[in-house]
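Below is structure-v4.pdb, which holds PDB, C-alpha atoms.
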```
ATOM      1  CA  MET A   1      20.412   7.339  -5.873
ATOM      2  CA  SER A   2      17.773   5.172  -7.530
ATOM      3  CA  TYR A   3      14.652   3.242  -6.558
ATOM      4  CA  PHE A   4      16.706   0.060  -6.207
ATOM      5  CA  HIS A   5      19.315   1.790  -4.010
ATOM      6  CA  ASP A   6      16.401   2.728  -1.774
ATOM      7  CA  ILE A   7      15.269  -0.925  -1.729
ATOM      8  CA  GLU A   8      18.745  -2.051  -0.615
ATOM      9  CA  ASN A   9      18.859   0.541   2.148
ATOM     10  CA  VAL A  10      15.558  -0.655   3.631
ATOM     11  CA  ALA A  11      16.645  -4.295   3.342
ATOM     12  CA  HIS A  12      19.490  -3.569   5.736
ATOM     13  CA  LEU A  13      17.792  -1.382   8.318
ATOM     14  CA  PRO A  14      18.663  -2.184  11.980
ATOM     15  CA  LEU A  15      15.529  -4.215  12.647
ATOM     16  CA  PRO A  16      15.076  -7.502  14.569
ATOM     17  CA  TRP A  17      15.269  -9.541  11.369
ATOM     18  CA  GLU A  18      16.057 -12.622  13.453
ATOM     19  CA  LYS A  19      12.308 -12.898  14.133
ATOM     20  CA  LEU A  20      11.923 -13.998  10.505
ATOM     21  CA  SER A  21      14.643 -16.656  10.695
ATOM     22  CA  GLY A  22      13.387 -20.017   9.402
ATOM     23  CA  CYS A  23       9.948 -18.544   8.714
ATOM     24  CA  ASN A  24       7.566 -18.552   5.782
ATOM     25  CA  ILE A  25       6.272 -15.060   4.944
ATOM     26  CA  LEU A  26       3.073 -14.741   2.909
ATOM     27  CA  ILE A  27       2.438 -11.476   1.042
ATOM     28  CA  THR A  28      -0.967 -10.990  -0.552
ATOM     29  CA  GLY A  29      -1.313  -8.398  -3.282
ATOM     30  CA  ALA A  30       2.349  -8.913  -4.103
ATOM     31  CA  THR A  31       2.037  -7.488  -7.617
ATOM     32  CA  GLY A  32       0.510  -4.230  -6.383
ATOM     33  CA  LEU A  33       2.348  -1.000  -5.606
ATOM     34  CA  ILE A  34       3.136  -1.772  -1.959
ATOM     35  CA  GLY A  35       3.306  -5.564  -2.295
ATOM     36  CA  THR A  36       5.867  -5.402  -5.100
ATOM     37  CA  CYS A  37       8.156  -3.131  -3.113
ATOM     38  CA  LEU A  38       7.799  -5.237   0.034
ATOM     39  CA  THR A  39       8.649  -8.403  -1.890
ATOM     40  CA  GLN A  40      11.696  -6.703  -3.420
ATOM     41  CA  VAL A  41      12.929  -5.551  -0.013
ATOM     42  CA  LEU A  42      12.573  -8.986   1.603
ATOM     43  CA  MET A  43      14.307 -10.652  -1.336
ATOM     44  CA  ALA A  44      17.126  -8.076  -1.268
ATOM     45  CA  ARG A  45      18.372  -9.085   2.164
ATOM     46  CA  SER A  46      21.751 -10.761   1.967
ATOM     47  CA  GLY A  47      21.985 -14.030   3.864
ATOM     48  CA  LYS A  48      18.210 -14.289   4.259
ATOM     49  CA  ASP A  49      17.109 -17.536   5.879
ATOM     50  CA  TYR A  50      13.365 -17.276   5.307
ATOM     51  CA  HIS A  51      10.990 -18.018   2.444
ATOM     52  CA  VAL A  52       8.853 -15.414   0.708
ATOM     53  CA  TYR A  53       5.500 -16.552  -0.696
ATOM     54  CA  ALA A  54       4.091 -13.879  -2.999
ATOM     55  CA  THR A  55       0.469 -14.089  -4.111
ATOM     56  CA  GLY A  56      -1.556 -12.334  -6.772
ATOM     57  CA  ARG A  57      -4.318 -12.916  -9.302
ATOM     58  CA  ASP A  58      -2.230 -12.194 -12.403
ATOM     59  CA  GLU A  59       0.441 -14.884 -12.766
ATOM     60  CA  ALA A  60       1.838 -13.391 -15.996
ATOM     61  CA  ARG A  61       2.378 -10.029 -14.320
ATOM     62  CA  ALA A  62       4.018 -11.709 -11.338
ATOM     63  CA  LYS A  63       6.452 -13.636 -13.532
ATOM     64  CA  GLU A  64       7.424 -10.438 -15.317
ATOM     65  CA  ARG A  65       7.711  -8.360 -12.140
ATOM     66  CA  PHE A  66       9.633 -10.975 -10.164
ATOM     67  CA  ALA A  67      11.649 -12.517 -13.015
ATOM     68  CA  LYS A  68      14.960 -12.123 -11.146
ATOM     69  CA  PHE A  69      13.608 -14.125  -8.182
ATOM     70  CA  LEU A  70      12.067 -17.078 -10.020
ATOM     71  CA  SER A  71      15.229 -19.178  -9.759
ATOM     72  CA  ASP A  72      15.773 -18.293  -6.095
ATOM     73  CA  PRO A  73      14.739 -21.270  -3.898
ATOM     74  CA  SER A  74      13.533 -18.881  -1.192
ATOM     75  CA  PHE A  75      10.937 -17.281  -3.496
ATOM     76  CA  HIS A  76       7.564 -18.812  -4.336
ATOM     77  CA  PHE A  77       4.585 -17.444  -6.239
ATOM     78  CA  ILE A  78       1.038 -18.622  -5.477
ATOM     79  CA  PRO A  79      -1.837 -17.568  -7.758
ATOM     80  CA  TYR A  80      -4.510 -16.478  -5.305
ATOM     81  CA  ASP A  81      -7.687 -14.403  -5.115
ATOM     82  CA  VAL A  82      -8.364 -13.350  -1.518
ATOM     83  CA  THR A  83     -12.129 -13.665  -2.001
ATOM     84  CA  MET A  84     -11.568 -17.442  -1.966
ATOM     85  CA  PRO A  85     -10.321 -19.624   0.903
ATOM     86  CA  LEU A  86      -6.543 -20.049   0.889
ATOM     87  CA  GLU A  87      -5.377 -23.491  -0.218
ATOM     88  CA  ALA A  88      -1.640 -23.927   0.215
ATOM     89  CA  SER A  89      -1.212 -27.656   0.903
ATOM     90  CA  GLY A  90      -0.870 -27.062   4.620
ATOM     91  CA  VAL A  91       2.208 -24.809   4.323
ATOM     92  CA  PRO A  92       2.608 -22.895   7.610
ATOM     93  CA  PHE A  93       2.781 -19.141   7.085
ATOM     94  CA  HIS A  94       4.379 -17.723  10.198
ATOM     95  CA  TYR A  95       3.950 -14.120   9.088
ATOM     96  CA  ILE A  96       1.133 -12.959   6.834
ATOM     97  CA  ILE A  97       1.235  -9.469   5.321
ATOM     98  CA  HIS A  98      -2.174  -8.784   3.823
ATOM     99  CA  ALA A  99      -1.716  -6.055   1.210
ATOM    100  CA  ALA A 100      -4.282  -7.201  -1.366
ATOM    101  CA  SER A 101      -6.914  -4.552  -2.031
ATOM    102  CA  ASN A 102      -7.833  -2.613  -5.129
ATOM    103  CA  ALA A 103      -7.195   1.071  -4.373
ATOM    104  CA  SER A 104      -8.014   2.478  -7.799
ATOM    105  CA  PRO A 105     -10.917   4.988  -7.974
ATOM    106  CA  ASN A 106     -12.280   3.498 -11.214
ATOM    107  CA  PHE A 107     -12.727   0.193  -9.376
ATOM    108  CA  PHE A 108     -14.589   1.924  -6.550
ATOM    109  CA  ALA A 109     -16.912   3.475  -9.135
ATOM    110  CA  ASN A 110     -17.571   0.372 -11.211
ATOM    111  CA  HIS A 111     -17.101  -2.607  -8.857
ATOM    112  CA  PRO A 112     -18.049  -1.528  -5.314
ATOM    113  CA  VAL A 113     -19.471  -4.930  -4.377
ATOM    114  CA  GLU A 114     -16.218  -6.659  -5.289
ATOM    115  CA  VAL A 115     -14.244  -4.079  -3.276
ATOM    116  CA  ILE A 116     -16.288  -4.808  -0.150
ATOM    117  CA  LYS A 117     -16.093  -8.573  -0.559
ATOM    118  CA  SER A 118     -12.346  -8.635  -1.148
ATOM    119  CA  ASN A 119     -11.579  -6.470   1.885
ATOM    120  CA  ILE A 120     -13.727  -8.404   4.340
ATOM    121  CA  LEU A 121     -13.431 -11.943   2.965
ATOM    122  CA  GLY A 122      -9.677 -11.519   2.537
ATOM    123  CA  VAL A 123      -9.114 -10.980   6.250
ATOM    124  CA  SER A 124     -11.450 -13.840   7.141
ATOM    125  CA  HIS A 125      -9.818 -16.371   4.828
ATOM    126  CA  LEU A 126      -6.265 -15.466   5.824
ATOM    127  CA  MET A 127      -7.028 -15.478   9.529
ATOM    128  CA  GLU A 128      -8.763 -18.842   9.314
ATOM    129  CA  TYR A 129      -5.797 -20.346   7.488
ATOM    130  CA  GLY A 130      -3.206 -18.662   9.673
ATOM    131  CA  ILE A 131      -4.758 -19.632  12.993
ATOM    132  CA  SER A 132      -4.728 -23.299  11.998
ATOM    133  CA  HIS A 133      -1.244 -23.159  10.417
ATOM    134  CA  GLN A 134       1.197 -21.749  12.989
ATOM    135  CA  MET A 135       0.685 -18.039  12.221
ATOM    136  CA  ARG A 136       2.706 -15.846  14.576
ATOM    137  CA  ARG A 137       1.438 -12.480  13.345
ATOM    138  CA  LEU A 138      -0.761 -10.959  10.650
ATOM    139  CA  LEU A 139      -0.051  -7.436   9.432
ATOM    140  CA  TYR A 140      -3.116  -5.895   7.844
ATOM    141  CA  VAL A 141      -2.398  -3.107   5.375
ATOM    142  CA  SER A 142      -5.466  -0.920   5.773
ATOM    143  CA  THR A 143      -5.775   2.698   4.597
ATOM    144  CA  GLY A 144      -5.914   6.228   5.924
ATOM    145  CA  GLU A 145      -9.298   6.497   4.233
ATOM    146  CA  VAL A 146     -10.797   4.853   7.330
ATOM    147  CA  TYR A 147     -10.660   8.321   8.946
ATOM    148  CA  GLY A 148     -13.221   9.763   6.556
ATOM    149  CA  GLU A 149     -13.812  13.516   6.629
ATOM    150  CA  GLY A 150     -11.976  15.102   9.539
ATOM    151  CA  ASP A 151     -12.187  18.352  11.486
ATOM    152  CA  GLY A 152      -9.014  19.962  10.135
ATOM    153  CA  HIS A 153      -6.685  18.423  12.720
ATOM    154  CA  GLU A 154      -4.075  15.712  12.149
ATOM    155  CA  PHE A 155      -5.477  12.196  12.126
ATOM    156  CA  THR A 156      -4.329  10.213  15.139
ATOM    157  CA  GLU A 157      -5.005   6.499  15.378
ATOM    158  CA  ASN A 158      -7.961   6.969  17.770
ATOM    159  CA  PHE A 159      -9.808   9.398  15.460
ATOM    160  CA  SER A 160     -12.892   8.446  13.474
ATOM    161  CA  GLY A 161     -14.451  10.913  11.037
ATOM    162  CA  TYR A 162     -17.497  10.995   8.821
ATOM    163  CA  VAL A 163     -18.060   8.469   6.038
ATOM    164  CA  ASP A 164     -21.328   8.548   4.079
ATOM    165  CA  CYS A 165     -22.423   4.914   4.223
ATOM    166  CA  THR A 166     -25.102   5.484   1.568
ATOM    167  CA  SER A 167     -22.507   6.402  -1.085
ATOM    168  CA  SER A 168     -21.197   3.499  -3.178
ATOM    169  CA  ARG A 169     -17.783   5.254  -3.100
ATOM    170  CA  SER A 170     -17.748   4.350   0.603
ATOM    171  CA  CYS A 171     -17.252   0.711  -0.404
ATOM    172  CA  TYR A 172     -13.531   1.252   0.231
ATOM    173  CA  PRO A 173     -13.292   3.115   3.565
ATOM    174  CA  SER A 174     -16.313   1.322   5.070
ATOM    175  CA  SER A 175     -15.057  -2.164   4.212
ATOM    176  CA  LYS A 176     -11.555  -1.270   5.388
ATOM    177  CA  ARG A 177     -13.037  -0.151   8.712
ATOM    178  CA  ALA A 178     -14.961  -3.422   8.977
ATOM    179  CA  ALA A 179     -11.848  -5.428   8.059
ATOM    180  CA  GLU A 180      -9.855  -3.729  10.827
ATOM    181  CA  THR A 181     -12.581  -4.594  13.325
ATOM    182  CA  LEU A 182     -12.563  -8.167  12.055
ATOM    183  CA  CYS A 183      -8.793  -8.311  12.645
ATOM    184  CA  VAL A 184      -9.039  -7.226  16.270
ATOM    185  CA  SER A 185     -12.078  -9.479  16.748
ATOM    186  CA  TYR A 186      -9.973 -12.487  15.732
ATOM    187  CA  ALA A 187      -7.399 -11.298  18.248
ATOM    188  CA  ALA A 188     -10.017 -11.018  21.000
ATOM    189  CA  GLU A 189     -11.829 -14.286  20.284
ATOM    190  CA  TYR A 190      -9.073 -16.564  18.963
ATOM    191  CA  GLY A 191      -5.897 -15.026  20.351
ATOM    192  CA  ALA A 192      -4.510 -14.029  16.951
ATOM    193  CA  ASP A 193      -1.561 -11.628  16.956
ATOM    194  CA  VAL A 194      -2.418  -8.789  14.574
ATOM    195  CA  VAL A 195      -1.097  -5.317  13.794
ATOM    196  CA  ILE A 196      -2.675  -2.769  11.470
ATOM    197  CA  ALA A 197      -1.018  -0.244   9.171
ATOM    198  CA  ARG A 198      -2.854   2.795   7.820
ATOM    199  CA  PRO A 199      -0.838   4.199   4.926
ATOM    200  CA  CYS A 200      -1.623   7.625   3.560
ATOM    201  CA  HIS A 201      -1.611   8.237  -0.204
ATOM    202  CA  THR A 202       1.401   6.302  -1.467
ATOM    203  CA  TYR A 203       3.386   6.796  -4.667
ATOM    204  CA  GLY A 204       6.017   4.715  -6.426
ATOM    205  CA  PRO A 205       6.867   3.138  -9.772
ATOM    206  CA  HIS A 206       5.023  -0.178  -9.764
ATOM    207  CA  PHE A 207       1.422   0.886 -10.279
ATOM    208  CA  THR A 208      -0.609  -1.151 -12.766
ATOM    209  CA  GLU A 209      -1.752  -0.026 -16.196
ATOM    210  CA  LYS A 210      -5.344   0.197 -14.894
ATOM    211  CA  ASP A 211      -4.493   2.293 -11.831
ATOM    212  CA  ASN A 212      -6.121   5.713 -12.177
ATOM    213  CA  ARG A 213      -5.009   7.270  -8.893
ATOM    214  CA  VAL A 214      -4.017  10.866  -9.549
ATOM    215  CA  TYR A 215      -0.250  10.480  -9.265
ATOM    216  CA  ALA A 216      -0.287   7.468 -11.623
ATOM    217  CA  GLN A 217      -2.290   9.426 -14.188
ATOM    218  CA  PHE A 218       0.064  12.406 -13.871
ATOM    219  CA  ILE A 219       3.156  10.242 -14.413
ATOM    220  CA  ARG A 220       1.587   8.557 -17.436
ATOM    221  CA  ASN A 221       0.879  11.985 -18.899
ATOM    222  CA  VAL A 222       4.476  13.199 -18.687
ATOM    223  CA  LEU A 223       5.958   9.881 -19.856
ATOM    224  CA  GLN A 224       3.720  10.057 -22.923
ATOM    225  CA  GLY A 225       4.944  13.572 -23.628
ATOM    226  CA  GLN A 226       1.612  15.122 -22.635
ATOM    227  CA  ASP A 227       0.648  17.962 -20.334
ATOM    228  CA  ILE A 228      -0.930  16.862 -17.043
ATOM    229  CA  ILE A 229      -4.722  16.854 -17.128
ATOM    230  CA  MET A 230      -6.329  18.014 -13.871
ATOM    231  CA  LYS A 231      -9.908  16.805 -13.384
ATOM    232  CA  SER A 232     -10.519  19.015 -10.314
ATOM    233  CA  THR A 233      -9.291  22.279  -8.812
ATOM    234  CA  GLY A 234      -6.744  20.208  -6.891
ATOM    235  CA  GLU A 235      -7.416  21.905  -3.558
ATOM    236  CA  GLN A 236      -7.615  18.619  -1.621
ATOM    237  CA  PHE A 237      -4.701  18.495   0.831
ATOM    238  CA  ARG A 238      -3.110  15.120   1.552
ATOM    239  CA  SER A 239      -0.285  13.351   3.352
ATOM    240  CA  TRP A 240       1.860  11.399   0.887
ATOM    241  CA  CYS A 241       4.534   8.752   1.302
ATOM    242  CA  TYR A 242       7.094   7.193  -1.061
ATOM    243  CA  VAL A 243       6.406   3.476  -1.380
ATOM    244  CA  VAL A 244       9.878   2.476  -0.151
ATOM    245  CA  ASP A 245       9.380   4.561   2.999
ATOM    246  CA  CYS A 246       5.942   2.988   3.393
ATOM    247  CA  VAL A 247       7.466  -0.487   3.200
ATOM    248  CA  SER A 248      10.126   0.399   5.760
ATOM    249  CA  ALA A 249       7.281   1.472   8.055
ATOM    250  CA  LEU A 250       5.444  -1.809   7.440
ATOM    251  CA  LEU A 251       8.534  -3.727   8.518
ATOM    252  CA  TYR A 252       8.820  -1.669  11.697
ATOM    253  CA  ILE A 253       5.175  -2.409  12.441
ATOM    254  CA  LEU A 254       5.563  -6.114  11.612
ATOM    255  CA  LEU A 255       8.681  -6.592  13.723
ATOM    256  CA  ARG A 256       8.213  -4.030  16.499
ATOM    257  CA  GLY A 257       4.508  -3.162  16.574
ATOM    258  CA  ILE A 258       2.296  -3.952  19.571
ATOM    259  CA  ASN A 259      -0.361  -6.635  19.178
ATOM    260  CA  GLY A 260      -3.790  -5.185  18.418
ATOM    261  CA  GLN A 261      -2.514  -1.701  17.587
ATOM    262  CA  ALA A 262      -2.936   0.429  14.468
ATOM    263  CA  TYR A 263      -0.216   2.725  13.110
ATOM    264  CA  ASN A 264      -0.392   5.604  10.661
ATOM    265  CA  ILE A 265       2.162   5.746   7.842
ATOM    266  CA  ALA A 266       2.993   9.119   6.298
ATOM    267  CA  ASP A 267       5.934  11.382   5.491
ATOM    268  CA  ASN A 268       5.251  14.655   7.258
ATOM    269  CA  SER A 269       7.541  16.495   4.866
ATOM    270  CA  SER A 270       5.273  15.403   1.978
ATOM    271  CA  ASN A 271       1.964  17.043   2.864
ATOM    272  CA  ILE A 272       0.794  18.642  -0.371
ATOM    273  CA  SER A 273      -2.281  19.609  -2.391
ATOM    274  CA  ILE A 274      -3.276  17.679  -5.504
ATOM    275  CA  ARG A 275      -2.596  20.826  -7.541
ATOM    276  CA  ASN A 276       0.947  21.132  -6.167
ATOM    277  CA  LEU A 277       1.502  17.426  -6.766
ATOM    278  CA  ALA A 278       0.503  17.888 -10.401
ATOM    279  CA  GLU A 279       2.838  20.863 -10.742
ATOM    280  CA  MET A 280       5.711  18.877  -9.194
ATOM    281  CA  ILE A 281       5.336  15.965 -11.627
ATOM    282  CA  ALA A 282       4.787  18.322 -14.564
ATOM    283  CA  GLY A 283       7.996  20.142 -13.650
ATOM    284  CA  ILE A 284       9.939  16.867 -13.551
ATOM    285  CA  GLY A 285       8.651  16.032 -17.044
ATOM    286  CA  GLY A 286       8.958  19.544 -18.460
ATOM    287  CA  LYS A 287       5.204  19.814 -19.035
ATOM    288  CA  GLU A 288       2.273  22.022 -18.052
ATOM    289  CA  VAL A 289      -0.865  21.472 -15.947
ATOM    290  CA  VAL A 290      -4.158  21.757 -17.855
ATOM    291  CA  MET A 291      -7.644  21.867 -16.300
ATOM    292  CA  GLN A 292     -10.385  19.590 -17.685
ATOM    293  CA  LEU A 293     -13.850  18.812 -16.346
ATOM    294  CA  PRO A 294     -14.259  15.191 -15.148
ATOM    295  CA  SER A 295     -16.919  12.864 -16.514
ATOM    296  CA  ASP A 296     -19.772  11.726 -14.273
ATOM    297  CA  ASP A 297     -18.241   8.249 -14.149
ATOM    298  CA  GLU A 298     -14.881   9.639 -13.016
ATOM    299  CA  LYS A 299     -16.576  11.684 -10.286
ATOM    300  CA  LYS A 300     -18.073   8.501  -8.801
ATOM    301  CA  GLY A 301     -14.639   7.231  -7.785
ATOM    302  CA  TYR A 302     -13.312  10.492  -6.327
ATOM    303  CA  ASN A 303     -12.241  10.709  -2.702
ATOM    304  CA  VAL A 304     -14.343  13.597  -1.377
ATOM    305  CA  VAL A 305     -12.264  14.172   1.779
ATOM    306  CA  THR A 306     -10.875  17.715   1.657
ATOM    307  CA  ARG A 307      -7.975  17.402   4.115
ATOM    308  CA  SER A 308      -6.160  14.221   5.100
ATOM    309  CA  VAL A 309      -3.035  14.801   7.207
ATOM    310  CA  PHE A 310      -1.612  12.113   9.475
ATOM    311  CA  SER A 311       0.148  12.101  12.825
ATOM    312  CA  THR A 312       3.063   9.632  12.813
ATOM    313  CA  GLN A 313       4.136   9.925  16.450
ATOM    314  CA  LYS A 314       2.989   6.390  17.234
ATOM    315  CA  LEU A 315       4.981   4.916  14.342
ATOM    316  CA  GLU A 316       8.032   7.001  15.227
ATOM    317  CA  SER A 317       7.894   5.561  18.769
ATOM    318  CA  LEU A 318       8.908   2.236  17.178
ATOM    319  CA  GLY A 319      12.109   3.875  15.877
ATOM    320  CA  TRP A 320      10.917   4.625  12.328
ATOM    321  CA  SER A 321      12.098   7.756  10.569
ATOM    322  CA  VAL A 322      12.284   9.046   7.017
ATOM    323  CA  GLN A 323      14.864  11.126   5.154
ATOM    324  CA  GLY A 324      14.973  12.910   1.820
ATOM    325  CA  SER A 325      12.627  15.236  -0.034
ATOM    326  CA  MET A 326       9.450  14.362  -1.888
ATOM    327  CA  ILE A 327      10.691  15.827  -5.157
ATOM    328  CA  GLU A 328      13.836  13.658  -5.073
ATOM    329  CA  LYS A 329      11.755  10.550  -4.468
ATOM    330  CA  MET A 330       9.241  11.520  -7.138
ATOM    331  CA  GLU A 331      12.132  11.984  -9.582
ATOM    332  CA  ARG A 332      13.340   8.459  -8.773
ATOM    333  CA  THR A 333       9.787   7.182  -9.235
ATOM    334  CA  VAL A 334       9.467   8.800 -12.671
ATOM    335  CA  GLU A 335      12.920   7.562 -13.689
ATOM    336  CA  GLU A 336      12.086   3.973 -12.704
ATOM    337  CA  CYS A 337       8.803   4.219 -14.634
ATOM    338  CA  LYS A 338      10.829   5.286 -17.692
ATOM    339  CA  ASN A 339      13.135   2.294 -17.263
ATOM    340  CA  ARG A 340      10.151  -0.062 -17.212
ATOM    341  CA  LYS A 341       8.635   1.249 -20.447
TER     342      LYS A 341
END
```

Could you spell out this file's structure in structure tokens?
Amino acid sequence: MSYFHDIENVAHLPLPWEKLSGCNILITGATGLIGTCLTQVLMARSGKDYHVYATGRDEARAKERFAKFLSDPSFHFIPYDVTMPLEASGVPFHYIIHAASNASPNFFANHPVEVIKSNILGVSHLMEYGISHQMRRLLYVSTGEVYGEGDGHEFTENFSGYVDCTSSRSCYPSSKRAAETLCVSYAAEYGADVVIARPCHTYGPHFTEKDNRVYAQFIRNVLQGQDIIMKSTGEQFRSWCYVVDCVSALLYILLRGINGQAYNIADNSSNISIRNLAEMIAGIGGKEVVMQLPSDDEKKGYNVVTRSVFSTQKLESLGWSVQGSMIEKMERTVEECKNRK
């Protein structure tokens, strides 16, 4: 099995794909980890009769990442920054999947204002365009960080934990919370159809060169022939999900989710500490784990939540399920990263 075999499998899941027939599908953040995989899945469907409009700020990266689709008449790339109003010559986007958001801790530390603006303005601009251009549904890709610090129990969709609003690191969870409220406010006031996804920590091969999330750093270490550098004790315990499984969940939510509802996305067989994650990736690369104190700047971007474990019962009620082990999927992730070097 490979990453692209996984893409093909999701592209042919028994979903009500007929809902997309004749439609234009807009994906923001299409060159990011989740957006890339989602674009690949939608383009992998045989006999597709819809158009995929991928957006991103980096046109050069998009042309490299989606080179095999550039000659396909059903694929279109639109350079777009979600902090600006969407201008698309009146093209109706029947389904909008809003996955544009910088999730890298170094961005939280150094550009918190931009993080807040992009998360809130992005929803506003896309909703305004969609409502006036035949939008049937908007899927907002939020984050499990909206739960904040919990009480040790699994996070269910009606839980709300502590977030320190006076910390600049809260730019991400606080603005994601506000963006979710903005989504359901558009539904209440303007009748928009909206569903919300809350992915847990997600891993896969198409992270950017500037992404300093822990798994991306660990994979870079082993691919460069280095031991993995741990900048903490690694005791934080998290739910994780392979990006292809995350995208399959997004499609279930898009095509089967209930208007106005939020859904957690996680693989309950992949709940693991940061330390164990490091040891897993080090083992795949034949390397060791080495402890190193973080700099003050690195500490600013750290997620301080100690335990983040998700309930997926609500998502599973839509028919979603996941198979395979985390180590197998991490091996496929590392292998695909090698192929891209």

What lies within 12 Å of Val243 (chain A) using all atoms listed in the file, ignoring chain neighbours under 4 positions off, as a compact mmCIF listing (two decimals) with C-alpha atoms, in the coordinates of the input?
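Saved to selection22.txt:
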```txt
# COMPACT_ATOMS: atom_id res chain seq x y z
CA TYR A 3 14.65 3.24 -6.56
CA PHE A 4 16.71 0.06 -6.21
CA ASP A 6 16.40 2.73 -1.77
CA ILE A 7 15.27 -0.92 -1.73
CA VAL A 10 15.56 -0.66 3.63
CA GLY A 32 0.51 -4.23 -6.38
CA LEU A 33 2.35 -1.00 -5.61
CA ILE A 34 3.14 -1.77 -1.96
CA GLY A 35 3.31 -5.56 -2.30
CA THR A 36 5.87 -5.40 -5.10
CA CYS A 37 8.16 -3.13 -3.11
CA LEU A 38 7.80 -5.24 0.03
CA GLN A 40 11.70 -6.70 -3.42
CA VAL A 41 12.93 -5.55 -0.01
CA PRO A 199 -0.84 4.20 4.93
CA CYS A 200 -1.62 7.62 3.56
CA HIS A 201 -1.61 8.24 -0.20
CA THR A 202 1.40 6.30 -1.47
CA TYR A 203 3.39 6.80 -4.67
CA GLY A 204 6.02 4.72 -6.43
CA PRO A 205 6.87 3.14 -9.77
CA HIS A 206 5.02 -0.18 -9.76
CA PHE A 207 1.42 0.89 -10.28
CA VAL A 247 7.47 -0.49 3.20
CA SER A 248 10.13 0.40 5.76
CA ALA A 249 7.28 1.47 8.06
CA LEU A 250 5.44 -1.81 7.44
CA ILE A 265 2.16 5.75 7.84
CA ALA A 266 2.99 9.12 6.30
CA ASP A 267 5.93 11.38 5.49
CA VAL A 322 12.28 9.05 7.02
CA MET A 326 9.45 14.36 -1.89
CA LYS A 329 11.76 10.55 -4.47
CA MET A 330 9.24 11.52 -7.14
CA ARG A 332 13.34 8.46 -8.77
CA THR A 333 9.79 7.18 -9.24
```

Hey, what's within 7 Å of Gly148 (chain A) if we count all atoms listed in the file and toss same-chain stuff fewer than 3 positions away? As a PDB file with C-alpha atoms, in the frame of the given file, please?
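The resulting around_37.pdb:
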```
ATOM      1  CA  GLU A 145      -9.298   6.497   4.233  1.00  0.00           C
ATOM      2  CA  GLY A 161     -14.451  10.913  11.037  1.00  0.00           C
ATOM      3  CA  TYR A 162     -17.497  10.995   8.821  1.00  0.00           C
ATOM      4  CA  VAL A 163     -18.060   8.469   6.038  1.00  0.00           C
ATOM      5  CA  VAL A 305     -12.264  14.172   1.779  1.00  0.00           C
TER       6      VAL A 305
END
```

_Could you check the closest approach to Val141 (chain A) for each of A:Asn9, A:Ser101, A:Ser185, A:Thr156 and tell me which residue wins, using only C-alpha atoms?_
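So, comparing all the options, the nearest one is A:Ser101.
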
When you draw a straight line from CA of Phe107 (chain A) to CA of Ser168 (chain A), how long is it in Å?
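So the two atoms, CA of Phe107 (chain A) and CA of Ser168 (chain A), lie 11.0 Å apart.
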
Q) Exactly which residues make up the result of the PyMOL selection byres ((chain A and resi 42) around 10) on this file, given as a ChimeraX atom specification? A) /A:7-8,10-12,25,37-41,43-46,48,50-52,75,251

By how many Å are CA of Tyr129 (chain A) and CA of His94 (chain A) apart?
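CA of Tyr129 (chain A) sits 10.9 Å away from CA of His94 (chain A).
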
Using only C-alpha atoms, which residues sit within 7 Å of region 281-283 of chain A once same-chain residues fewer than 6 positions away are excluded, as a PyMOL selection string?
chain A and resi 218-219+222+228+289

The distance between CA of Asp245 (chain A) and CA of Leu26 (chain A) is 20.3 Å

*asked:* What's around Thr31 (chain A) at 8 Å? Count all atoms listed in the file, leave out sequence neighbours fewer than 2 positions away in its own chain, and write the answer as number ranges by chain.
replied: A: 29, 33, 35-36, 55-56, 58, 61-62, 65

| field | Output check: residues returned by the PyMOL selection byres ((chain A and resi 149) around 12), as a list in words | value |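 Selected by the PyMOL selection byres ((chain A and resi 149) around 12) in this file: Gly144, Glu145, Val146, Tyr147, Gly148, Gly150, Asp151, Gly152, His153, Glu154, Phe155, Phe159, Ser160, Gly161, Tyr162, Val163, Asp164, Ser170, Pro173, Gln236, Phe237, Arg238, Asn303, Val304, Val305, Thr306, Arg307, Ser308 and Val309 of chain A.
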
Please save C-alpha atoms of the selected residues as a compact mmCIF listing (two decimals), keeping the file's coordinate frame.
```txt
# COMPACT_ATOMS: atom_id res chain seq x y z
CA GLY A 144 -5.91 6.23 5.92
CA GLU A 145 -9.30 6.50 4.23
CA VAL A 146 -10.80 4.85 7.33
CA TYR A 147 -10.66 8.32 8.95
CA GLY A 148 -13.22 9.76 6.56
CA GLY A 150 -11.98 15.10 9.54
CA ASP A 151 -12.19 18.35 11.49
CA GLY A 152 -9.01 19.96 10.14
CA HIS A 153 -6.68 18.42 12.72
CA GLU A 154 -4.08 15.71 12.15
CA PHE A 155 -5.48 12.20 12.13
CA PHE A 159 -9.81 9.40 15.46
CA SER A 160 -12.89 8.45 13.47
CA GLY A 161 -14.45 10.91 11.04
CA TYR A 162 -17.50 11.00 8.82
CA VAL A 163 -18.06 8.47 6.04
CA ASP A 164 -21.33 8.55 4.08
CA SER A 170 -17.75 4.35 0.60
CA PRO A 173 -13.29 3.12 3.56
CA GLN A 236 -7.62 18.62 -1.62
CA PHE A 237 -4.70 18.50 0.83
CA ARG A 238 -3.11 15.12 1.55
CA ASN A 303 -12.24 10.71 -2.70
CA VAL A 304 -14.34 13.60 -1.38
CA VAL A 305 -12.26 14.17 1.78
CA THR A 306 -10.88 17.72 1.66
CA ARG A 307 -7.98 17.40 4.12
CA SER A 308 -6.16 14.22 5.10
CA VAL A 309 -3.04 14.80 7.21
```

message = Just want the 8 Å neighbourhood of Ala197 (chain A), counted on all atoms listed in the file, with same-chain residues fewer than 4 positions away dropped. Output as a list of chain:residue names.
response =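 In the requested format, the answer is A:Leu139, A:Tyr140, A:Val141, A:Ser142, A:Thr143, A:Leu250, A:Ile253, A:Ala262, A:Tyr263, A:Asn264, A:Ile265.
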